[in-house]
Structure formats: structure tokens, C-alpha cells
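Participant: To be precise about what I am sending: the file is called query-v5.cif and holds mmCIF, C-alpha atoms and all ligand atoms.
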```
data_structure
loop_
_atom_site.group_PDB
_atom_site.id
_atom_site.type_symbol
_atom_site.label_atom_id
_atom_site.label_comp_id
_atom_site.auth_asym_id
_atom_site.auth_seq_id
_atom_site.Cartn_x
_atom_site.Cartn_y
_atom_site.Cartn_z
ATOM 1 C CA MET J 138 0.000 0.000 0.000
ATOM 2 C CA HIS J 139 1.364 3.401 -0.940
ATOM 3 C CA LEU J 140 0.172 6.863 0.135
ATOM 4 C CA ARG J 141 -0.282 9.586 -2.434
ATOM 5 C CA THR J 142 1.087 13.100 -1.769
ATOM 6 C CA VAL J 143 -0.779 16.075 -3.171
ATOM 7 C CA HIS J 144 0.503 19.639 -2.996
ATOM 8 C CA ALA J 145 -1.964 22.431 -2.184
ATOM 9 C CA PRO J 146 -5.136 20.811 -3.535
ATOM 10 C CA THR J 147 -8.050 22.998 -4.587
ATOM 11 C CA PRO J 148 -11.360 22.502 -2.711
ATOM 12 C CA ARG J 149 -12.599 20.474 -5.662
ATOM 13 C CA GLU J 150 -9.513 18.249 -5.686
ATOM 14 C CA PHE J 151 -9.823 17.777 -1.952
ATOM 15 C CA ALA J 152 -13.503 16.849 -2.263
ATOM 16 C CA GLU J 153 -12.409 14.071 -4.633
ATOM 17 C CA ILE J 154 -9.693 12.993 -2.204
ATOM 18 C CA SER J 155 -12.083 12.713 0.719
ATOM 19 C CA ALA J 156 -14.682 10.939 -1.414
ATOM 20 C CA GLY J 157 -11.966 8.397 -2.288
ATOM 21 C CA ARG J 158 -11.705 7.352 1.384
ATOM 22 C CA GLN J 159 -7.973 6.677 1.164
ATOM 23 C CA PRO J 160 -5.474 8.486 3.371
ATOM 24 C CA VAL J 161 -3.481 11.096 1.468
ATOM 25 C CA VAL J 162 -0.528 13.255 2.510
ATOM 26 C CA LEU J 163 -1.052 16.931 1.737
ATOM 27 C CA THR J 164 1.511 19.703 1.611
ATOM 28 C CA GLY J 165 1.273 23.454 1.262
ATOM 29 C CA LEU J 166 -1.750 23.832 3.564
ATOM 30 C CA THR J 167 -0.075 25.422 6.559
ATOM 31 C CA ASP J 168 2.798 27.458 5.073
ATOM 32 C CA SER J 169 1.315 30.766 6.215
ATOM 33 C CA TRP J 170 0.538 29.678 9.795
ATOM 34 C CA PRO J 171 2.337 31.750 12.462
ATOM 35 C CA ALA J 172 2.209 28.530 14.514
ATOM 36 C CA MET J 173 4.833 26.970 12.232
ATOM 37 C CA THR J 174 7.495 29.195 13.768
ATOM 38 C CA HIS J 175 5.952 30.130 17.124
ATOM 39 C CA TRP J 176 4.952 26.775 18.561
ATOM 40 C CA ARG J 177 8.486 25.373 18.451
ATOM 41 C CA ASP J 178 9.317 28.014 21.009
ATOM 42 C CA LEU J 179 8.092 26.970 24.438
ATOM 43 C CA ASP J 180 8.752 30.475 25.783
ATOM 44 C CA TYR J 181 6.261 31.805 23.269
ATOM 45 C CA LEU J 182 3.643 29.243 24.266
ATOM 46 C CA ARG J 183 4.299 29.833 27.971
ATOM 47 C CA ALA J 184 3.840 33.591 27.506
ATOM 48 C CA CYS J 185 0.734 33.093 25.410
ATOM 49 C CA VAL J 186 -1.184 30.351 27.249
ATOM 50 C CA GLY J 187 1.093 29.148 30.090
ATOM 51 C CA GLU J 188 -1.268 30.241 32.854
ATOM 52 C CA GLU J 189 -4.377 28.698 31.297
ATOM 53 C CA VAL J 190 -5.804 25.652 33.066
ATOM 54 C CA VAL J 191 -6.482 22.701 30.777
ATOM 55 C CA PRO J 192 -7.411 19.019 31.205
ATOM 56 C CA VAL J 193 -4.295 16.902 30.675
ATOM 57 C CA GLU J 194 -4.252 13.145 30.090
ATOM 58 C CA VAL J 195 -2.169 11.649 32.918
ATOM 59 C CA TYR J 196 -0.980 8.043 32.455
ATOM 60 C CA PRO J 197 0.037 6.734 35.885
ATOM 61 C CA ASP J 198 2.167 3.874 34.531
ATOM 62 C CA GLY J 199 4.151 6.236 32.293
ATOM 63 C CA ASP J 200 2.835 4.948 28.963
ATOM 64 C CA THR J 201 0.485 7.049 26.812
ATOM 65 C CA GLY J 202 -0.134 3.981 24.655
ATOM 66 C CA ARG J 203 -2.306 2.441 27.389
ATOM 67 C CA HIS J 204 -5.309 4.447 26.346
ATOM 68 C CA ALA J 205 -7.760 3.130 28.925
ATOM 69 C CA SER J 206 -5.473 3.926 31.854
ATOM 70 C CA TYR J 207 -5.405 7.706 31.776
ATOM 71 C CA ILE J 208 -7.014 10.021 34.233
ATOM 72 C CA SER J 209 -7.818 13.565 33.316
ATOM 73 C CA ARG J 210 -6.309 16.221 35.558
ATOM 74 C CA ASN J 211 -6.675 19.953 35.305
ATOM 75 C CA MET J 212 -3.349 21.786 35.361
ATOM 76 C CA ARG J 213 -1.766 24.942 34.020
ATOM 77 C CA VAL J 214 -0.169 24.621 30.600
ATOM 78 C CA ASN J 215 3.143 25.650 32.240
ATOM 79 C CA GLU J 216 2.847 22.744 34.658
ATOM 80 C CA PHE J 217 2.270 20.415 31.718
ATOM 81 C CA PHE J 218 5.379 21.746 29.923
ATOM 82 C CA ASP J 219 7.430 21.297 33.115
ATOM 83 C CA GLY J 220 6.375 17.657 33.432
ATOM 84 C CA MET J 221 5.927 16.462 29.853
ATOM 85 C CA ALA J 222 9.403 14.919 29.358
ATOM 86 C CA PRO J 223 9.098 11.196 30.142
ATOM 87 C CA HIS J 224 10.869 10.030 33.292
ATOM 88 C CA PRO J 225 11.016 6.458 34.604
ATOM 89 C CA GLY J 226 8.670 6.096 37.547
ATOM 90 C CA ARG J 227 6.726 9.246 36.732
ATOM 91 C CA PRO J 228 3.311 9.454 35.068
ATOM 92 C CA ALA J 229 3.325 10.351 31.369
ATOM 93 C CA LEU J 230 1.454 13.479 30.298
ATOM 94 C CA PHE J 231 -0.304 14.193 27.035
ATOM 95 C CA LEU J 232 -2.102 17.428 26.192
ATOM 96 C CA ILE J 233 -5.069 16.899 23.869
ATOM 97 C CA VAL J 234 -7.589 19.732 23.974
ATOM 98 C CA PRO J 235 -10.175 21.287 21.709
ATOM 99 C CA LEU J 236 -8.703 24.736 21.031
ATOM 100 C CA ALA J 237 -11.891 26.779 20.850
ATOM 101 C CA GLY J 238 -13.074 25.646 24.286
ATOM 102 C CA HIS J 239 -9.754 25.715 26.117
ATOM 103 C CA LEU J 240 -7.077 27.814 24.419
ATOM 104 C CA PRO J 241 -8.828 30.096 21.931
ATOM 105 C CA ARG J 242 -5.799 32.436 21.790
ATOM 106 C CA LEU J 243 -3.883 29.807 19.859
ATOM 107 C CA LEU J 244 -6.503 29.895 17.121
ATOM 108 C CA ASP J 245 -4.882 33.179 16.034
ATOM 109 C CA ASP J 246 -1.776 31.199 15.039
ATOM 110 C CA ILE J 247 -3.522 28.881 12.608
ATOM 111 C CA VAL J 248 -5.914 29.132 9.702
ATOM 112 C CA ALA J 249 -8.333 26.287 9.052
ATOM 113 C CA PRO J 250 -7.434 25.117 5.520
ATOM 114 C CA SER J 251 -10.081 26.478 3.175
ATOM 115 C CA ILE J 252 -10.378 23.091 1.453
ATOM 116 C CA LEU J 253 -12.122 21.667 4.525
ATOM 117 C CA PRO J 254 -15.908 21.582 4.480
ATOM 118 C CA LYS J 255 -17.466 22.598 7.820
ATOM 119 C CA VAL J 256 -14.884 21.906 10.524
ATOM 120 C CA THR J 257 -16.616 20.536 13.612
ATOM 121 C CA ARG J 258 -13.670 20.457 16.007
ATOM 122 C CA THR J 259 -10.105 21.697 16.157
ATOM 123 C CA ILE J 260 -7.915 19.776 18.572
ATOM 124 C CA TRP J 261 -4.412 20.671 19.742
ATOM 125 C CA LEU J 262 -2.048 17.857 20.656
ATOM 126 C CA TYR J 263 1.271 18.478 22.376
ATOM 127 C CA GLY J 264 3.552 15.918 23.945
ATOM 128 C CA ASP J 265 7.047 14.513 24.290
ATOM 129 C CA ARG J 266 7.661 10.962 23.039
ATOM 130 C CA THR J 267 4.024 9.919 23.060
ATOM 131 C CA PHE J 268 2.279 6.940 21.558
ATOM 132 C CA SER J 269 -1.431 6.696 20.783
ATOM 133 C CA ASN J 270 -2.789 3.201 20.512
ATOM 134 C CA LEU J 271 -4.608 1.896 17.445
ATOM 135 C CA HIS J 272 -8.109 3.366 17.038
ATOM 136 C CA PHE J 273 -10.450 4.808 14.458
ATOM 137 C CA HIS J 274 -12.688 7.879 14.347
ATOM 138 C CA PRO J 275 -16.286 6.743 14.055
ATOM 139 C CA PHE J 276 -18.059 9.865 12.865
ATOM 140 C CA GLN J 277 -15.840 12.192 10.948
ATOM 141 C CA HIS J 278 -12.919 12.487 8.621
ATOM 142 C CA SER J 279 -9.879 14.175 10.079
ATOM 143 C CA LEU J 280 -6.905 16.154 8.900
ATOM 144 C CA ALA J 281 -3.740 16.113 11.015
ATOM 145 C CA CYS J 282 -1.540 19.162 10.331
ATOM 146 C CA GLN J 283 1.961 18.646 11.692
ATOM 147 C CA VAL J 284 3.416 21.774 13.296
ATOM 148 C CA VAL J 285 6.247 20.743 15.643
ATOM 149 C CA GLY J 286 8.509 17.658 15.435
ATOM 150 C CA ARG J 287 7.871 14.490 13.463
ATOM 151 C CA LYS J 288 5.083 11.976 13.970
ATOM 152 C CA ARG J 289 4.781 8.485 12.604
ATOM 153 C CA PHE J 290 1.297 7.269 11.674
ATOM 154 C CA GLY J 291 0.400 3.624 11.080
ATOM 155 C CA LEU J 292 -2.818 3.235 9.073
ATOM 156 C CA TYR J 293 -5.076 0.271 8.299
ATOM 157 C CA PRO J 294 -8.220 0.308 6.152
ATOM 158 C CA PRO J 295 -11.576 -0.683 7.701
ATOM 159 C CA GLU J 296 -11.464 -4.003 5.796
ATOM 160 C CA GLU J 297 -8.544 -5.060 8.018
ATOM 161 C CA THR J 298 -10.710 -4.820 11.155
ATOM 162 C CA PRO J 299 -10.901 -8.633 11.654
ATOM 163 C CA HIS J 300 -7.094 -8.738 11.995
ATOM 164 C CA LEU J 301 -6.888 -5.871 14.438
ATOM 165 C CA TYR J 302 -8.722 -7.301 17.438
ATOM 166 C CA PRO J 303 -11.577 -4.784 17.640
ATOM 167 C CA ARG J 304 -13.419 -4.450 20.916
ATOM 168 C CA HIS J 305 -16.973 -5.525 21.469
ATOM 169 C CA TRP J 306 -19.221 -2.904 19.926
ATOM 170 C CA LEU J 307 -20.884 -2.229 23.281
ATOM 171 C CA SER J 308 -17.652 -1.690 25.167
ATOM 172 C CA LYS J 309 -16.622 1.714 26.474
ATOM 173 C CA TRP J 310 -13.487 1.975 24.327
ATOM 174 C CA TYR J 311 -15.185 0.462 21.309
ATOM 175 C CA GLU J 312 -13.128 2.539 18.855
ATOM 176 C CA PHE J 313 -9.815 1.145 20.199
ATOM 177 C CA THR J 314 -8.180 -2.215 19.543
ATOM 178 C CA ARG J 315 -8.190 -4.852 22.315
ATOM 179 C CA ILE J 316 -4.415 -5.054 21.994
ATOM 180 C CA GLU J 317 -2.987 -3.262 25.025
ATOM 181 C CA ARG J 318 -0.193 -1.658 23.041
ATOM 182 C CA PHE J 319 0.014 -1.841 19.304
ATOM 183 C CA ASN J 320 3.601 -0.853 18.723
ATOM 184 C CA PRO J 321 5.250 -3.317 19.048
ATOM 185 C CA VAL J 322 2.482 -5.916 18.975
ATOM 186 C CA ASP J 323 2.918 -9.117 20.923
ATOM 187 C CA LEU J 324 2.437 -11.363 17.875
ATOM 188 C CA ASP J 325 2.335 -14.571 19.917
ATOM 189 C CA ARG J 326 -0.724 -13.237 21.685
ATOM 190 C CA TYR J 327 -2.250 -11.483 18.684
ATOM 191 C CA PRO J 328 -1.151 -13.559 15.659
ATOM 192 C CA ARG J 329 -3.844 -12.242 13.281
ATOM 193 C CA VAL J 330 -2.065 -8.867 13.177
ATOM 194 C CA ARG J 331 0.525 -10.529 10.897
ATOM 195 C CA ARG J 332 -2.137 -10.625 8.200
ATOM 196 C CA ALA J 333 -3.192 -6.965 8.538
ATOM 197 C CA ARG J 334 -2.086 -4.896 5.564
ATOM 198 C CA GLY J 335 -1.405 -1.279 6.438
ATOM 199 C CA VAL J 336 0.888 1.587 5.668
ATOM 200 C CA GLU J 337 3.175 3.869 7.674
ATOM 201 C CA VAL J 338 3.987 7.496 7.061
ATOM 202 C CA THR J 339 6.077 10.077 8.916
ATOM 203 C CA LEU J 340 4.767 13.623 8.972
ATOM 204 C CA GLU J 341 7.254 16.479 9.138
ATOM 205 C CA PRO J 342 6.238 20.023 10.052
ATOM 206 C CA GLY J 343 4.288 21.452 7.128
ATOM 207 C CA MET J 344 2.849 18.081 6.088
ATOM 208 C CA SER J 345 -0.748 17.090 6.724
ATOM 209 C CA LEU J 346 -2.491 13.738 6.650
ATOM 210 C CA PHE J 347 -6.065 13.130 5.602
ATOM 211 C CA ILE J 348 -7.427 10.254 7.725
ATOM 212 C CA PRO J 349 -10.782 8.938 6.470
ATOM 213 C CA ARG J 350 -13.286 7.950 9.145
ATOM 214 C CA HIS J 351 -13.170 4.254 10.126
ATOM 215 C CA TRP J 352 -9.510 3.966 9.144
ATOM 216 C CA TRP J 353 -7.537 2.493 12.033
ATOM 217 C CA HIS J 354 -4.443 4.440 13.052
ATOM 218 C CA TRP J 355 -1.737 4.541 15.707
ATOM 219 C CA VAL J 356 0.526 7.544 16.200
ATOM 220 C CA SER J 357 4.030 7.672 17.615
ATOM 221 C CA THR J 358 6.758 10.217 18.135
ATOM 222 C CA ASP J 359 10.308 10.051 19.478
ATOM 223 C CA GLU J 360 10.531 13.768 20.234
ATOM 224 C CA VAL J 361 8.473 16.776 21.276
ATOM 225 C CA ALA J 362 5.760 16.975 18.676
ATOM 226 C CA SER J 363 2.541 18.795 18.078
ATOM 227 C CA HIS J 364 -0.150 18.780 15.476
ATOM 228 C CA VAL J 365 -3.547 20.321 14.966
ATOM 229 C CA LEU J 366 -6.303 17.862 14.217
ATOM 230 C CA TYR J 367 -9.362 19.042 12.331
ATOM 231 C CA TYR J 368 -12.529 16.957 12.384
ATOM 232 C CA PHE J 369 -14.854 17.602 9.503
ATOM 233 C CA ASP J 370 -17.585 16.219 7.297
ATOM 234 C CA ALA J 371 -19.808 14.420 9.763
ATOM 235 C CA THR J 372 -20.664 11.048 8.394
ATOM 236 C CA ASP J 373 -23.753 10.466 6.275
ATOM 237 C CA PRO J 374 -26.098 8.572 8.605
ATOM 238 C CA LEU J 375 -27.145 5.713 6.378
ATOM 239 C CA ARG J 376 -23.617 4.727 5.604
ATOM 240 C CA TRP J 377 -22.414 4.538 9.160
ATOM 241 C CA VAL J 378 -25.534 2.957 10.540
ATOM 242 C CA TRP J 379 -24.868 -0.023 8.287
ATOM 243 C CA THR J 380 -21.166 -0.318 8.924
ATOM 244 C CA SER J 381 -19.964 -1.988 12.047
ATOM 245 C CA PRO J 382 -18.200 1.064 13.555
ATOM 246 C CA GLY J 383 -21.288 3.043 12.592
ATOM 247 C CA ARG J 384 -23.596 0.804 14.623
ATOM 248 C CA ARG J 385 -21.304 1.214 17.585
ATOM 249 C CA SER J 386 -21.345 4.955 17.107
ATOM 250 C CA LEU J 387 -25.114 4.969 17.071
ATOM 251 C CA PHE J 388 -25.244 2.958 20.265
ATOM 252 C CA TRP J 389 -22.819 5.285 22.039
ATOM 253 C CA LYS J 390 -24.579 8.418 20.854
ATOM 254 C CA GLY J 391 -27.825 6.975 22.275
ATOM 255 C CA ARG J 392 -26.150 5.958 25.490
ATOM 256 C CA GLN J 393 -24.593 9.393 25.977
ATOM 257 C CA LEU J 394 -27.946 11.010 25.350
ATOM 258 C CA VAL J 395 -29.676 8.803 27.924
ATOM 259 C CA ALA J 396 -26.899 9.459 30.482
ATOM 260 C CA ARG J 397 -27.144 13.208 29.930
ATOM 261 C CA GLU J 398 -30.903 13.191 30.332
ATOM 262 C CA ALA J 399 -30.676 11.010 33.472
ATOM 263 C CA THR J 400 -28.194 13.465 35.038
ATOM 264 C CA ARG J 401 -30.404 16.405 34.152
ATOM 265 C CA TRP J 402 -33.419 14.777 35.804
ATOM 266 C CA ARG J 403 -31.443 13.700 38.861
ATOM 267 C CA ARG J 404 -30.226 17.279 39.353
ATOM 268 C CA LYS J 405 -33.751 18.598 38.921
ATOM 269 C CA ILE J 406 -35.097 16.206 41.541
ATOM 270 C CA GLU J 407 -32.194 16.927 43.928
ATOM 271 C CA ARG J 408 -32.797 20.647 43.563
ATOM 272 C CA SER J 409 -36.495 20.300 44.237
ATOM 273 C CA LEU J 410 -35.701 18.228 47.354
ATOM 274 C CA GLY J 411 -33.152 20.808 48.495
ATOM 275 C CA PHE J 412 -30.011 18.645 48.077
ATOM 276 C CA ARG J 413 -26.697 20.394 47.468
ATOM 277 C CA PRO J 414 -25.133 19.457 44.139
ATOM 278 C CA PRO J 415 -21.931 17.408 44.503
ATOM 279 C CA ALA J 416 -18.561 19.129 43.958
ATOM 280 C CA PRO J 417 -17.451 19.112 40.308
ATOM 281 C CA PRO J 418 -14.969 16.364 39.335
ATOM 282 C CA ALA J 419 -11.232 17.128 39.402
ATOM 283 C CA GLY J 420 -10.937 17.287 35.642
ATOM 284 C CA ASP J 421 -13.233 17.173 32.694
ATOM 285 C CA GLN J 422 -12.557 14.555 30.043
ATOM 286 C CA PRO J 423 -10.957 15.998 26.944
ATOM 287 C CA SER J 424 -12.764 14.712 23.899
ATOM 288 C CA ARG J 425 -10.684 14.031 20.808
HETATM 289 O O1 LIG U 1 -1.130 12.313 17.907
HETATM 290 C C1 LIG U 1 -1.550 11.355 18.513
HETATM 291 O O2 LIG U 1 -0.828 10.718 19.273
HETATM 292 C C2 LIG U 1 -2.981 10.872 18.362
HETATM 293 C C3 LIG U 1 -3.776 11.582 17.359
HETATM 294 C C4 LIG U 1 -5.035 10.829 17.045
HETATM 295 O O3 LIG U 1 -5.013 9.887 16.333
HETATM 296 C C5 LIG U 1 -6.306 11.187 17.661
HETATM 297 O O4 LIG U 1 -6.353 12.036 18.556
HETATM 298 O O5 LIG U 1 -7.300 10.614 17.247
#
```
Can the structure in the file be given as C-alpha cells, please?
Facilitator:
Amino acid sequence: MHLRTVHAPTPREFAEISAGRQPVVLTGLTDSWPAMTHWRDLDYLRACVGEEVVPVEVYPDGDTGRHASYISRNMRVNEFFDGMAPHPGRPALFLIVPLAGHLPRLLDDIVAPSILPKVTRTIWLYGDRTFSNLHFHPFQHSLACQVVGRKRFGLYPPEETPHLYPRHWLSKWYEFTRIERFNPVDLDRYPRVRRARGVEVTLEPGMSLFIPRHWWHWVSTDEVASHVLYYFDATDPLRWVWTSPGRRSLFWKGRQLVAREATRWRRKIERSLGFRPPAPPAGDQPSR
């Protein structure tokens, strides 16, 4: 499998790319971003957003690849920068936040590529030697724009799902593999992975990667690295309802809705009975 590279596509060319549902490397989308020079400079970021409080993914066993193990803790961005370098025996930290909700000032340093139809979320990822375990995005396509450092992406098409040990569609982490850590895979325990046909690509600053929804991917870096992830083009309902990840998505959407409504009603009843609401949790969960 080989990935195509396209330089500065027009909106029409990009519409064809996303309709093709194959990952494609894109260049020339971020050349004018002030972020390309500023975000390498931690002093700049500290001056700009260092005192902001954000939810940070904290991995107690020091491994960001163990996706189900993180707890979300609110801390100042400066505190995150101070602690982000991995150290044996210390928790690993990974900053993954939607920019508009948490650090809107940084939006001034980037320009959403005009080829993207209706961006639904813009996420900022920053970390030092992180690994994200194999997963797919159920609802939307995404575009990862590399700004700082290099990141390696491993990609597998949805047809390879049977070889990738998907979770039960009702499980909490249904969009992640059951394999505890994908890179390297314990092939004695998970022999079917040998048959999975995928592709790897390394993004340098200035390169972007179109990741179609339902494509499995893991992401790894050996240095301080940061990219902006745009989610766009919410899935057309009929298609994802009839695909396996789509059914899972539907279930989780429904479940979230029911949970939200239940909380709303509980609060209403507590208020009418004069109960005090419980203290807010230590950190809110960042959503990717
Ligand atoms: O950069 C990373 O480690 C993970 C990015 C990603 O795949 C995601 O957030 O969905």
C-alpha cells in the first residue's frame, strides 16, 4: 500500500480525495501559519497560554499507549510543559484539547485550511515521546496538520478490522483495539495482526495527513511533537448505521444522550428536594 502526496489541492480536488476514502498526505496547507514558527518556542507558548488551566491526560504507569489507563487532571499549561518529558517512575502526560473551548488564543496562530468543508472540532495535541494506541474515528474524517517535530502514523483500512482485534461494539473503548499496546504488537498473543495490511507514514512540520473515518491508526513520536487535528464532514447517517463502527457509534450516541438526560433529571429532583449538588470532578474529560 502506498500513500499519495498532493501539494496544495483545490477545494474540488480535496472533495475528490475525501470521497476516495484513502489516506493522502497533503503539503502546502499550513505554510502561512504563524504557529509553524511560534509553537516550536516553548517560551512563546508559555507567555501566550502558560497560565491557562487545561485538562491533561495523565498516564500513571508512564505509557500514553495504554489508552484506557489515563485520568484527566486539570493543570496549568506551564505545569504540563514542566512535566511532559518522560521520566522512569513518573506518570506520562499528554495534552489533547479542543482549542476553541480551552485555548482560543492559539486559534490566532492557525488558519483552518479552506479546502475543509465545515470543521466541527479543532484539537491541539502536544507531547514529548508519546504513543497513541490503534483506534479509528467513528463519525468524521480528520486532517492532522503537523506543526512541531515528526510523527509516525500507522494506518489500516476498515477491511482489516478482523485482523486488528476490535473491541466488542458495546464496550466503552469500542473505537480502540483490544491489543494493550500496538507498537510493538505481541504477535504470539495477537497472531492475526501478521495478516493486517497497512501503511506507515512520517509527517514532518508542514505536512498534513487526511485520515478517512473508520480507518484504524496509531501515532508515535520520538521527540516533542505537536499537530492540529481538524474533524470535519460528519458522516452520512445511512452509511455509518450499516457499517460496524457506525452501529457502535449509534449505540454510544444513544447511550450518551440517555446518560445526559438522566443526570439532568437527577439534578432537577435533587434541587427540588433541596439537596446540594456534589462538587465538580477534578478534571473534565478531553474529547478528541
Ligand atoms: O497524535 C496522537 O498521538 C494521536 C492523534 C489521534 O489519532 C487522535 O487524537 O485521534
Participant: Using all atoms listed in the file, determine which residues lie at most 10 Å from Leu232 of chain J, disregarding the query and same-chain residues fewer than 5 positions distant; provide the list as a list in words.
Facilitator: Val191, Pro192, Val193, Glu194, Val195, Ser209, Val214, Phe217, Phe218, Met221, Ile260, Trp261, Leu262, Tyr263, Gly264, Asp265, Ser363 and Pro423 of chain J
Participant: Evaluate the PyMOL selection byres (((not hetatm)) within 10 of (chain U and resi 1)) on the structure here and hand back the selected residues as number ranges by chain.
Facilitator: J: 201-202, 231-234, 260-264, 266-274, 279-281, 283, 288-291, 348, 353-358, 362-368, 424-425
Participant: Which of these residues is nearest to Val285 of chain J, using only C-alpha atoms: J:Ser155, J:Lys390, J:Thr147, J:Gly343?
Facilitator: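 With only C-alpha atoms as the atom set, the closest residue is J:Gly343.
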Participant: Name the residues within 10 Å of (3.8, 15.0, 3.0), counting all atoms listed in the file in the file's coordinates, and put them as a list in words.
Facilitator: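 The answer, in the requested form, is Leu140, Arg141, Thr142, Val143, His144, Val161, Val162, Leu163, Thr164, Gly165, Cys282, Gln283, Val338, Thr339, Leu340, Glu341, Pro342, Gly343, Met344, Ser345 and Leu346 of chain J.
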Participant: Name every residue that the PyMOL selection byres (((chain J and resi 253) around 9) and not hetatm) selects in this structure, writing the answer as a list of chain:residue names with chains first and numbers rising.
Facilitator: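 Selected by the PyMOL selection byres (((chain J and resi 253) around 9) and not hetatm) in this file: J:Pro148, J:Phe151, J:Ala152, J:Ala249, J:Pro250, J:Ser251, J:Ile252, J:Pro254, J:Lys255, J:Val256, J:Leu280, J:Tyr367, J:Phe369, J:Asp370.
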Participant: Report, in Å to a single decimal, how far apart atom CA of Met173 of chain J and atom CA of Glu216 of chain J are.
Facilitator: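 Here the two named atoms are 22.9 Å from each other.
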Participant: One decimal, in Å: what's the spacing between atom CA of Tyr196 of chain J and atom CA of Asp178 of chain J?
Facilitator: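 Distance reported for this atom pair: 25.2 Å.
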Participant: Mind pulling up the distance from atom CA of Pro241 of chain J to atom CA of Glu360 of chain J?
Facilitator: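 Taking atom CA of Glu360 of chain J and atom CA of Pro241 of chain J, their separation equals 25.4 Å.
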Participant: Given all atoms listed in the file as the basis, pick out the residue of J:Asp246, J:Asp219, J:Glu297, J:Asp323 nearest to Leu179 of chain J.
Facilitator: J:Asp219
